[in-house]
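Colleague: I am sharing start.pdb, which consists of PDB, C-alpha atoms:
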```pdb
ATOM      1  CA  MET A 245      19.525  31.625  -3.421
ATOM      2  CA  ILE A 246      22.320  30.834  -0.967
ATOM      3  CA  GLN A 247      22.605  28.322   1.837
ATOM      4  CA  ILE A 248      24.258  29.261   5.132
ATOM      5  CA  THR A 249      24.847  26.047   7.073
ATOM      6  CA  GLU A 250      24.071  25.754  10.787
ATOM      7  CA  ALA A 251      27.811  25.701  11.564
ATOM      8  CA  ALA A 252      28.342  28.913   9.578
ATOM      9  CA  GLN A 253      25.340  30.563  11.222
ATOM     10  CA  GLY A 254      26.764  29.746  14.664
ATOM     11  CA  TYR A 255      30.160  31.176  13.731
ATOM     12  CA  LEU A 256      28.616  34.343  12.283
ATOM     13  CA  ARG A 257      26.420  34.785  15.381
ATOM     14  CA  GLU A 258      29.564  34.673  17.548
ATOM     15  CA  LEU A 259      31.351  37.256  15.377
ATOM     16  CA  LEU A 260      28.364  39.579  15.278
ATOM     17  CA  ALA A 261      27.834  39.350  19.055
ATOM     18  CA  LYS A 262      31.297  40.924  19.480
ATOM     19  CA  GLN A 263      30.367  44.020  17.455
ATOM     20  CA  ASP A 264      29.756  47.296  19.289
ATOM     21  CA  ASP A 265      26.665  48.057  17.216
ATOM     22  CA  LYS A 266      24.165  45.358  18.178
ATOM     23  CA  GLY A 267      22.154  45.812  14.966
ATOM     24  CA  THR A 268      25.083  44.740  12.790
ATOM     25  CA  GLY A 269      24.396  41.912  10.346
ATOM     26  CA  ILE A 270      26.198  40.619   7.291
ATOM     27  CA  ARG A 271      26.067  41.553   3.631
ATOM     28  CA  VAL A 272      26.799  38.974   0.940
ATOM     29  CA  PHE A 273      27.738  40.034  -2.596
ATOM     30  CA  VAL A 274      29.897  39.102  -5.564
ATOM     31  CA  SER A 275      32.712  41.474  -6.507
ATOM     32  CA  GLN A 276      33.380  41.614 -10.291
ATOM     33  CA  PRO A 277      30.554  39.147 -11.022
ATOM     34  CA  GLY A 278      30.634  37.162 -14.235
ATOM     35  CA  THR A 279      34.381  37.570 -14.710
ATOM     36  CA  PRO A 280      37.385  35.340 -13.981
ATOM     37  CA  HIS A 281      38.171  37.732 -11.111
ATOM     38  CA  ALA A 282      34.815  37.235  -9.358
ATOM     39  CA  GLU A 283      34.969  36.902  -5.596
ATOM     40  CA  THR A 284      32.105  36.097  -3.274
ATOM     41  CA  CYS A 285      32.307  38.329  -0.225
ATOM     42  CA  ILE A 286      30.784  38.528   3.248
ATOM     43  CA  ALA A 287      31.126  41.835   5.078
ATOM     44  CA  TYR A 288      29.715  43.389   8.209
ATOM     45  CA  CYS A 289      26.589  45.416   7.513
ATOM     46  CA  ARG A 290      25.792  48.023  10.144
ATOM     47  CA  PRO A 291      22.300  49.539  10.244
ATOM     48  CA  GLY A 292      21.929  51.868   7.265
ATOM     49  CA  GLU A 293      24.776  50.289   5.264
ATOM     50  CA  GLU A 294      22.480  48.002   3.299
ATOM     51  CA  GLN A 295      22.013  49.160  -0.278
ATOM     52  CA  GLU A 296      19.012  49.617  -2.497
ATOM     53  CA  GLY A 297      17.995  46.289  -3.980
ATOM     54  CA  ASP A 298      19.521  44.229  -1.167
ATOM     55  CA  GLN A 299      17.340  41.332  -0.018
ATOM     56  CA  PRO A 300      17.118  40.851   3.778
ATOM     57  CA  VAL A 301      16.927  37.350   5.253
ATOM     58  CA  ASP A 302      16.553  36.781   8.978
ATOM     59  CA  TYR A 303      18.497  33.974  10.615
ATOM     60  CA  ASP A 304      18.512  32.961  14.261
ATOM     61  CA  GLY A 305      20.279  35.874  15.944
ATOM     62  CA  PHE A 306      21.228  37.998  12.915
ATOM     63  CA  ARG A 307      20.102  39.422   9.597
ATOM     64  CA  ALA A 308      21.837  38.844   6.270
ATOM     65  CA  TRP A 309      21.539  41.188   3.327
ATOM     66  CA  PHE A 310      22.059  39.686  -0.133
ATOM     67  CA  GLU A 311      22.973  42.137  -2.876
ATOM     68  CA  GLY A 312      20.153  42.129  -5.421
ATOM     69  CA  ARG A 313      22.494  42.514  -8.399
ATOM     70  CA  SER A 314      24.502  39.482  -7.235
ATOM     71  CA  GLY A 315      21.432  37.236  -7.009
ATOM     72  CA  LYS A 316      22.055  35.089 -10.078
ATOM     73  CA  TYR A 317      25.744  34.811  -9.221
ATOM     74  CA  LEU A 318      24.870  33.538  -5.744
ATOM     75  CA  GLU A 319      22.511  30.806  -7.012
ATOM     76  CA  GLY A 320      23.631  27.494  -5.546
ATOM     77  CA  ALA A 321      26.167  29.141  -3.214
ATOM     78  CA  VAL A 322      26.958  27.577   0.160
ATOM     79  CA  VAL A 323      28.539  29.275   3.167
ATOM     80  CA  ASP A 324      29.994  26.761   5.611
ATOM     81  CA  TYR A 325      32.251  26.714   8.643
ATOM     82  CA  ALA A 326      34.641  23.894   9.480
ATOM     83  CA  GLN A 327      36.658  23.699  12.672
ATOM     84  CA  ASP A 328      40.290  22.673  12.472
ATOM     85  CA  ARG A 329      43.376  22.704  14.688
ATOM     86  CA  MET A 330      43.907  26.420  14.024
ATOM     87  CA  GLY A 331      40.369  27.312  15.093
ATOM     88  CA  GLY A 332      38.274  27.111  11.967
ATOM     89  CA  GLN A 333      37.532  28.533   8.587
ATOM     90  CA  LEU A 334      34.501  30.103   6.956
ATOM     91  CA  THR A 335      34.215  28.986   3.332
ATOM     92  CA  ILE A 336      32.060  30.220   0.479
ATOM     93  CA  LYS A 337      31.457  28.104  -2.588
ATOM     94  CA  ALA A 338      29.634  29.970  -5.343
ATOM     95  CA  PRO A 339      29.694  27.946  -8.581
ATOM     96  CA  ASN A 340      27.883  30.641 -10.603
ATOM     97  CA  ALA A 341      30.000  33.643  -9.538
ATOM     98  CA  ARG A 342      32.234  33.575 -12.628
ATOM     99  CA  VAL A 343      29.942  32.120 -15.263
ATOM    100  CA  PRO A 344      26.373  32.907 -14.298
ATOM    101  CA  GLN A 345      23.211  32.116 -16.106
ATOM    102  CA  VAL A 346      22.881  35.552 -17.730
ATOM    103  CA  GLY A 347      19.511  36.177 -19.284
ATOM    104  CA  PRO A 348      18.209  38.936 -21.543
ATOM    105  CA  ASP A 349      16.826  40.799 -18.516
ATOM    106  CA  ALA A 350      20.246  41.009 -16.787
ATOM    107  CA  PRO A 351      21.917  44.438 -16.496
ATOM    108  CA  ILE A 352      23.769  45.373 -19.684
ATOM    109  CA  GLU A 353      27.137  45.410 -17.863
ATOM    110  CA  ASP A 354      26.632  41.785 -16.852
ATOM    111  CA  ARG A 355      25.686  40.744 -20.381
ATOM    112  CA  ILE A 356      28.729  42.543 -21.834
ATOM    113  CA  ASN A 357      31.065  40.947 -19.273
ATOM    114  CA  TYR A 358      29.585  37.538 -19.999
ATOM    115  CA  VAL A 359      30.326  37.898 -23.733
ATOM    116  CA  LEU A 360      33.794  39.364 -23.133
ATOM    117  CA  TYR A 361      34.927  36.693 -20.699
ATOM    118  CA  ASN A 362      33.309  33.712 -22.366
ATOM    119  CA  GLU A 363      33.663  34.494 -26.077
ATOM    120  CA  VAL A 364      36.079  37.367 -26.741
ATOM    121  CA  ASN A 365      38.842  36.903 -24.161
ATOM    122  CA  PRO A 366      39.465  33.211 -24.850
ATOM    123  CA  GLY A 367      40.425  34.191 -28.429
ATOM    124  CA  LEU A 368      42.560  37.121 -27.288
ATOM    125  CA  ALA A 369      44.317  34.906 -24.745
ATOM    126  CA  ALA A 370      46.050  33.102 -27.634
ATOM    127  CA  HIS A 371      48.004  36.346 -28.134
ATOM    128  CA  GLY A 372      48.397  37.009 -24.415
ATOM    129  CA  GLY A 373      45.698  39.670 -24.430
ATOM    130  CA  GLN A 374      42.393  40.474 -22.824
ATOM    131  CA  VAL A 375      39.768  43.197 -22.845
ATOM    132  CA  THR A 376      37.887  44.611 -19.858
ATOM    133  CA  LEU A 377      34.675  46.628 -19.661
ATOM    134  CA  MET A 378      35.296  49.965 -17.944
ATOM    135  CA  GLU A 379      31.784  51.433 -18.230
ATOM    136  CA  VAL A 380      28.692  51.758 -20.384
ATOM    137  CA  THR A 381      27.995  55.376 -21.349
ATOM    138  CA  THR A 382      24.563  56.971 -21.315
ATOM    139  CA  ASP A 383      24.567  56.879 -25.135
ATOM    140  CA  MET A 384      25.068  53.082 -24.943
ATOM    141  CA  TYR A 385      28.739  52.753 -25.884
ATOM    142  CA  ALA A 386      30.799  50.071 -24.152
ATOM    143  CA  VAL A 387      34.065  51.650 -23.008
ATOM    144  CA  LEU A 388      36.774  48.991 -23.124
ATOM    145  CA  GLN A 389      40.395  48.688 -22.078
ATOM    146  CA  PHE A 390      42.807  46.237 -23.665
ATOM    147  CA  GLY A 391      45.657  44.634 -21.776
ATOM    148  CA  GLY A 392      48.464  42.142 -22.194
ATOM    149  CA  GLY A 393      49.422  41.438 -25.809
ATOM    150  CA  CYS A 394      46.585  43.661 -27.062
ATOM    151  CA  GLN A 395      47.980  46.838 -25.496
ATOM    152  CA  GLY A 396      49.979  48.635 -28.169
ATOM    153  CA  CYS A 397      49.282  45.925 -30.755
ATOM    154  CA  SER A 398      49.263  47.214 -34.328
ATOM    155  CA  ALA A 399      46.196  45.056 -35.108
ATOM    156  CA  VAL A 400      44.076  46.413 -32.230
ATOM    157  CA  ASP A 401      41.819  48.487 -34.523
ATOM    158  CA  VAL A 402      40.895  45.394 -36.531
ATOM    159  CA  THR A 403      40.399  43.389 -33.346
ATOM    160  CA  LEU A 404      38.241  46.139 -31.842
ATOM    161  CA  LYS A 405      35.965  46.763 -34.834
ATOM    162  CA  HIS A 406      35.707  43.339 -36.459
ATOM    163  CA  GLY A 407      36.150  41.111 -33.451
ATOM    164  CA  VAL A 408      35.027  42.697 -30.221
ATOM    165  CA  GLU A 409      32.467  45.221 -31.488
ATOM    166  CA  GLY A 410      30.925  42.779 -33.950
ATOM    167  CA  THR A 411      30.596  40.059 -31.324
ATOM    168  CA  LEU A 412      29.135  42.389 -28.688
ATOM    169  CA  MET A 413      26.668  44.123 -31.010
ATOM    170  CA  SER A 414      25.406  40.861 -32.489
ATOM    171  CA  GLN A 415      24.486  39.637 -28.998
ATOM    172  CA  ILE A 416      23.584  42.931 -27.318
ATOM    173  CA  PRO A 417      21.706  44.892 -30.000
ATOM    174  CA  GLU A 418      21.001  47.922 -27.801
ATOM    175  CA  LEU A 419      24.717  48.803 -27.845
ATOM    176  CA  ALA A 420      25.587  51.712 -30.114
ATOM    177  CA  GLY A 421      29.221  50.623 -30.387
ATOM    178  CA  VAL A 422      32.476  50.333 -28.472
ATOM    179  CA  ARG A 423      35.207  52.775 -27.513
ATOM    180  CA  ASP A 424      38.798  51.958 -26.625
ATOM    181  CA  VAL A 425      40.427  53.929 -23.776
ATOM    182  CA  THR A 426      43.686  51.972 -23.786
ATOM    183  CA  ASP A 427      47.014  53.800 -23.942
ATOM    184  CA  HIS A 428      48.470  52.018 -26.978
ATOM    185  CA  SER A 429      51.722  53.996 -26.921
ATOM    186  CA  ASP A 430      53.213  51.290 -24.664
ATOM    187  CA  THR A 431      54.149  48.498 -27.093
ATOM    188  CA  GLU A 432      56.425  46.526 -24.767
ATOM    189  CA  HIS A 433      54.106  43.480 -24.561
ATOM    190  CA  ALA A 434      52.282  43.942 -27.873
ATOM    191  CA  TYR A 435      51.672  40.799 -29.891
ATOM    192  CA  TYR A 436      52.085  42.627 -33.237
ATOM    193  CA  ARG A 437      54.325  45.724 -33.368
TER     194      ARG A 437
END
```
Before we go any further, please render this structure as structure tokens.
Modeller:
Amino acid sequence: MIQITEAAQGYLRELLAKQDDKGTGIRVFVSQPGTPHAETCIAYCRPGEEQEGDQPVDYDGFRAWFEGRSGKYLEGAVVDYAQDRMGGQLTIKAPNARVPQVGPDAPIEDRINYVLYNEVNPGLAAHGGQVTLMEVTTDMYAVLQFGGGCQGCSAVDVTLKHGVEGTLMSQIPELAGVRDVTDHSDTEHAYYR
């Protein structure tokens, strides 16, 4: 899943040894996975802070918890530590964090985000717009929010129904539809007024 180099393990061991709670490990996860805003994160994980689905891995001197939902986004990731004149720096390279290999068994939110960020948003970017998934309702509607040139745009209904909804439903058939929660009364940046 993820490689933590010997140098990084040594650095993490030193950090964890300074913690008051001697059972503290690390937790590795991807924030906003599958989007252009994805960030791979390492945080302290005190006993009991691990979450359901996390995968524990024991290293020499500490335990790491890898978020189960982030698994495919962490494929091929490398955590390294390089010393420099200022002390050193821990680096994380996760090539699949933004564009993962999303399969049909992935959570529906991940599949929706994959389609939005790889197929829908590149087209909307031509007008300075983008769309973001806010949630998936229990009745299987994708709740979306438009931004940039799409907020307040007079063509947003056409874009929503014929562009976004059609694209999402053709690739994610279990969706019942989409709903827009954007406040379109602000037309300051709208592409079409």
Colleague: Using the chain letters and residue numbers of this document, give as a PyMOL selection string the residues selected by the PyMOL selection byres ((chain A and resi 422) around 9).
Modeller: chain A and resi 384-388+404-405+408-409+412-413+419-421+423-424
Colleague: At a cut-off of 7 Å, using only C-alpha atoms, what residues contact Ile248 of chain A? Leave out same-chain residues fewer than 6 positions from it and give the result as a ChimeraX atom specification.
Modeller: /A:322-324
Colleague: When distances are computed from all atoms listed in the file, which of A:Gly407, A:Pro339, A:Gly297, A:Pro277 shows the smallest separation from Val375 of chain A?
Modeller: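 Checking each candidate against Val375 of chain A, we get A:Gly407 as the closest.
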Colleague: Closest to Tyr361 of chain A among A:Gln327, A:Gln253, A:Gln276, A:Gln295, using all atoms listed in the file?
Modeller: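 Using all atoms listed in the file, the shortest distance to Tyr361 of chain A belongs to A:Gln276.
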Colleague: What does the distance between atom CA of Thr268 of chain A and atom CA of Gly305 of chain A come to in Å, to one decimal place?
Modeller: 10.6 Å
Colleague: For a quick check of understanding, using all atoms listed in the file, which of A:Thr411, A:Tyr325, A:Asp302, A:Gly315 has the smallest distance to Glu250 of chain A?
Modeller: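 Under the stated criterion, the closest residue is A:Tyr325.
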Colleague: Identify, on the basis of all atoms listed in the file, every residue whose closest approach to Gly292 of chain A does not exceed 12 Å; exclude the query and any residue fewer than 5 positions from it along the same chain; express the result as a PyMOL selection string.
Modeller: chain A and resi 265+267-269+271+298+309
Colleague: So which residues touch Asp349 of chain A within 12 Å, counting all atoms listed in the file, skipping near sequence neighbours fewer than 4 positions away, as a list in words?
Modeller: Arg313, Lys316, Gln345, Glu353, Asp354, Arg355 and Ile416 of chain A
Colleague: Taking all atoms listed in the file into account, which of A:Gly393, A:Gly347, A:Ile356, A:Asp304 comes nearest Ala369 of chain A?
Modeller: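 Of A:Gly393, A:Gly347, A:Ile356, A:Asp304, the one nearest Ala369 of chain A is A:Gly393, counting all atoms listed in the file.
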Colleague: Choose the residue, out of A:Leu368, A:Glu294, A:Arg329, A:Gly278, that has the smallest atom-to-atom separation from Val346 of chain A; count all atoms listed in the file.
Modeller: A:Gly278
